[in-house]
Amino acid sequence: MRAQNRVASIRFVKEYDAVVSFRLGDRRAEGALEFERTVKSTDAYFRIFTLLKDEGQLDRFLFLVPDSKSQLLLRDAAPSHCPRIYVGLTREFQSQPATAPLLDLRSSSTVSLAACLH
């Protein structure tokens, strides 16, 4: 197993759990990945999501949460005109990333990873 820190010199608006390249067929996109093991307050997420509006290096953000209640909390915390933030269930995304349902916080609709890569 090898790991390479390719983004050590890049400045982001917050420290993400990971910056990843998603590849699905011929589609590819970079995004921030956040593992929410312990869910924060609605106010804390509102501040985080507002901060993400100023991110100049990335335009996609995937938050993985432990349960559907947490998904709804993040949905309710999203400001109007939020960036491309998607929320998925950790267990589902880990087992089937291509088909796991992701909640798009801009539209409150459920999408797949392929839709996030457009």
# chains A, B, ... in the order shown; residues from 1 in each chain; ligands from 1
>>> residues_around(residues="Lys53 in chain A", least_positions_apart="6", cutoff="12 Å", atoms="only C-alpha atoms", output="JSON, numbers by chain")
{"A": [12, 13, 14, 46, 47, 59, 60, 61, 78, 79, 80, 81, 82, 83, 84, 85]}
>>> select_by_dssp(residues="range 6-114 of chain A", states="helix (DSSP H, G or I)", output="compact mmCIF listing (two decimals) with N, CA and C atoms, in the first residue's frame")
# COMPACT_ATOMS: atom_id res chain seq x y z
N THR A 42 -26.65 21.88 13.89
CA THR A 42 -27.11 22.53 12.66
C THR A 42 -26.34 23.82 12.43
N ASP A 43 -26.13 24.61 13.49
CA ASP A 43 -25.39 25.87 13.36
C ASP A 43 -23.96 25.64 12.89
N ALA A 44 -23.32 24.60 13.41
CA ALA A 44 -21.94 24.29 12.99
C ALA A 44 -21.89 23.95 11.51
N TYR A 45 -22.84 23.15 11.03
CA TYR A 45 -22.87 22.81 9.60
C TYR A 45 -23.20 24.03 8.75
N PHE A 46 -24.08 24.89 9.22
CA PHE A 46 -24.38 26.11 8.47
C PHE A 46 -23.10 26.93 8.28
N ARG A 47 -22.30 27.06 9.33
CA ARG A 47 -21.03 27.80 9.23
C ARG A 47 -20.07 27.12 8.26
N ILE A 48 -19.98 25.80 8.33
CA ILE A 48 -19.09 25.05 7.43
C ILE A 48 -19.55 25.23 5.99
N PHE A 49 -20.83 25.05 5.73
CA PHE A 49 -21.35 25.15 4.36
C PHE A 49 -21.17 26.56 3.80
N THR A 50 -21.33 27.57 4.65
CA THR A 50 -21.12 28.95 4.22
C THR A 50 -19.65 29.17 3.87
N LEU A 51 -18.76 28.59 4.66
CA LEU A 51 -17.33 28.68 4.39
C LEU A 51 -16.98 28.02 3.05
N LEU A 52 -17.63 26.92 2.73
CA LEU A 52 -17.34 26.20 1.49
C LEU A 52 -17.68 27.02 0.24
N SER A 68 -29.59 8.13 8.34
CA SER A 68 -30.45 9.03 7.56
C SER A 68 -30.89 10.25 8.37
N LYS A 69 -30.98 10.13 9.67
CA LYS A 69 -31.30 11.28 10.52
C LYS A 69 -30.22 12.36 10.36
N SER A 70 -28.98 11.93 10.28
CA SER A 70 -27.87 12.87 10.09
C SER A 70 -27.94 13.52 8.72
N GLN A 71 -28.34 12.75 7.71
CA GLN A 71 -28.51 13.31 6.36
C GLN A 71 -29.50 14.46 6.39
N LEU A 72 -30.61 14.26 7.07
CA LEU A 72 -31.65 15.29 7.14
C LEU A 72 -31.18 16.51 7.93
N LEU A 73 -30.39 16.29 8.96
CA LEU A 73 -29.84 17.40 9.72
C LEU A 73 -28.96 18.28 8.83
N LEU A 74 -28.10 17.64 8.03
CA LEU A 74 -27.25 18.40 7.12
C LEU A 74 -28.07 19.12 6.06
N ARG A 75 -29.12 18.46 5.57
CA ARG A 75 -30.00 19.10 4.59
C ARG A 75 -30.62 20.36 5.18
N ASP A 76 -31.08 20.26 6.40
CA ASP A 76 -31.72 21.40 7.05
C ASP A 76 -30.74 22.52 7.37
N ALA A 77 -29.46 22.19 7.49
CA ALA A 77 -28.44 23.20 7.81
C ALA A 77 -27.94 23.95 6.58
N THR A 90 -22.48 6.41 5.05
CA THR A 90 -21.13 5.83 4.99
C THR A 90 -21.16 4.38 4.55
N ARG A 91 -22.00 3.59 5.19
CA ARG A 91 -22.03 2.14 4.91
C ARG A 91 -22.42 1.87 3.45
N GLU A 92 -23.43 2.58 2.94
CA GLU A 92 -23.86 2.38 1.55
C GLU A 92 -22.78 2.81 0.57
N PHE A 93 -22.15 3.94 0.84
CA PHE A 93 -21.13 4.44 -0.08
C PHE A 93 -19.90 3.53 -0.08
N GLN A 94 -19.53 3.03 1.07
CA GLN A 94 -18.38 2.13 1.13
C GLN A 94 -18.63 0.83 0.37
N SER A 95 -19.86 0.32 0.41
CA SER A 95 -20.12 -0.96 -0.25
C SER A 95 -20.41 -0.80 -1.75
N LEU A 113 -23.49 8.97 -7.83
CA LEU A 113 -22.16 9.53 -8.00
C LEU A 113 -21.95 10.07 -9.41
N ALA A 114 -22.49 9.39 -10.39
CA ALA A 114 -22.34 9.86 -11.79
C ALA A 114 -22.88 11.27 -11.95
>>> residues_around(residues="Thr38 in chain A", least_positions_apart="4", cutoff="12 Å", atoms="only C-alpha atoms", output="list in words")
Glu34, Phe63, Leu64, Val65, Pro66, Asp67 and Ser70 of chain A
>>> select_by_dssp(residues="chain A", states="strand (DSSP E)", output="VMD selection string")
chain A and resid 18 to 24 27 to 35 60 to 65 84 to 89 102 to 104 109 to 111
>>> decode(residues="range 55-108 of chain A", atoms="C-alpha atoms", output="PDB file, in the first residue's frame")
ATOM      1  CA  GLU A  55     -13.481  27.426  -1.663  1.00  0.00           C
ATOM      2  CA  GLY A  56     -11.567  28.251  -4.821  1.00  0.00           C
ATOM      3  CA  GLN A  57      -9.786  24.921  -5.326  1.00  0.00           C
ATOM      4  CA  LEU A  58     -12.717  22.489  -5.197  1.00  0.00           C
ATOM      5  CA  ASP A  59     -16.331  22.655  -6.302  1.00  0.00           C
ATOM      6  CA  ARG A  60     -17.688  19.327  -4.988  1.00  0.00           C
ATOM      7  CA  PHE A  61     -18.038  18.175  -1.398  1.00  0.00           C
ATOM      8  CA  LEU A  62     -19.145  14.747  -0.201  1.00  0.00           C
ATOM      9  CA  PHE A  63     -20.135  14.289   3.424  1.00  0.00           C
ATOM     10  CA  LEU A  64     -20.568  10.695   4.612  1.00  0.00           C
ATOM     11  CA  VAL A  65     -22.762  10.290   7.682  1.00  0.00           C
ATOM     12  CA  PRO A  66     -23.735   7.321   9.849  1.00  0.00           C
ATOM     13  CA  ASP A  67     -27.534   7.445   9.419  1.00  0.00           C
ATOM     14  CA  SER A  68     -30.452   9.035   7.561  1.00  0.00           C
ATOM     15  CA  LYS A  69     -31.302  11.282  10.516  1.00  0.00           C
ATOM     16  CA  SER A  70     -27.872  12.868  10.093  1.00  0.00           C
ATOM     17  CA  GLN A  71     -28.512  13.312   6.363  1.00  0.00           C
ATOM     18  CA  LEU A  72     -31.652  15.290   7.143  1.00  0.00           C
ATOM     19  CA  LEU A  73     -29.840  17.404   9.720  1.00  0.00           C
ATOM     20  CA  LEU A  74     -27.247  18.404   7.118  1.00  0.00           C
ATOM     21  CA  ARG A  75     -29.998  19.102   4.590  1.00  0.00           C
ATOM     22  CA  ASP A  76     -31.724  21.399   7.047  1.00  0.00           C
ATOM     23  CA  ALA A  77     -28.443  23.199   7.812  1.00  0.00           C
ATOM     24  CA  ALA A  78     -27.670  24.033   4.176  1.00  0.00           C
ATOM     25  CA  PRO A  79     -27.918  27.729   3.309  1.00  0.00           C
ATOM     26  CA  SER A  80     -29.753  28.816   0.200  1.00  0.00           C
ATOM     27  CA  HIS A  81     -27.429  28.817  -2.816  1.00  0.00           C
ATOM     28  CA  CYS A  82     -25.021  26.372  -1.200  1.00  0.00           C
ATOM     29  CA  PRO A  83     -22.168  24.860  -3.216  1.00  0.00           C
ATOM     30  CA  ARG A  84     -22.269  21.329  -4.641  1.00  0.00           C
ATOM     31  CA  ILE A  85     -22.621  19.408  -1.387  1.00  0.00           C
ATOM     32  CA  TYR A  86     -23.731  15.786  -1.372  1.00  0.00           C
ATOM     33  CA  VAL A  87     -24.527  13.672   1.696  1.00  0.00           C
ATOM     34  CA  GLY A  88     -24.436   9.897   1.681  1.00  0.00           C
ATOM     35  CA  LEU A  89     -24.614   7.099   4.193  1.00  0.00           C
ATOM     36  CA  THR A  90     -21.132   5.832   4.990  1.00  0.00           C
ATOM     37  CA  ARG A  91     -22.030   2.142   4.908  1.00  0.00           C
ATOM     38  CA  GLU A  92     -23.858   2.379   1.554  1.00  0.00           C
ATOM     39  CA  PHE A  93     -21.128   4.444  -0.082  1.00  0.00           C
ATOM     40  CA  GLN A  94     -18.383   2.126   1.132  1.00  0.00           C
ATOM     41  CA  SER A  95     -20.124  -0.960  -0.253  1.00  0.00           C
ATOM     42  CA  GLN A  96     -21.417   0.482  -3.574  1.00  0.00           C
ATOM     43  CA  PRO A  97     -20.004   3.968  -4.302  1.00  0.00           C
ATOM     44  CA  ALA A  98     -21.295   4.087  -7.887  1.00  0.00           C
ATOM     45  CA  THR A  99     -24.913   3.381  -6.945  1.00  0.00           C
ATOM     46  CA  ALA A 100     -25.198   4.687  -3.381  1.00  0.00           C
ATOM     47  CA  PRO A 101     -27.926   7.336  -3.106  1.00  0.00           C
ATOM     48  CA  LEU A 102     -26.518  10.782  -2.355  1.00  0.00           C
ATOM     49  CA  LEU A 103     -28.612  13.689  -1.139  1.00  0.00           C
ATOM     50  CA  ASP A 104     -27.891  16.827  -3.196  1.00  0.00           C
ATOM     51  CA  LEU A 105     -28.223  19.706  -0.738  1.00  0.00           C
ATOM     52  CA  ARG A 106     -28.845  22.260  -3.495  1.00  0.00           C
ATOM     53  CA  SER A 107     -32.008  20.544  -4.720  1.00  0.00           C
ATOM     54  CA  SER A 108     -32.867  18.124  -1.877  1.00  0.00           C
TER      55      SER A 108
END
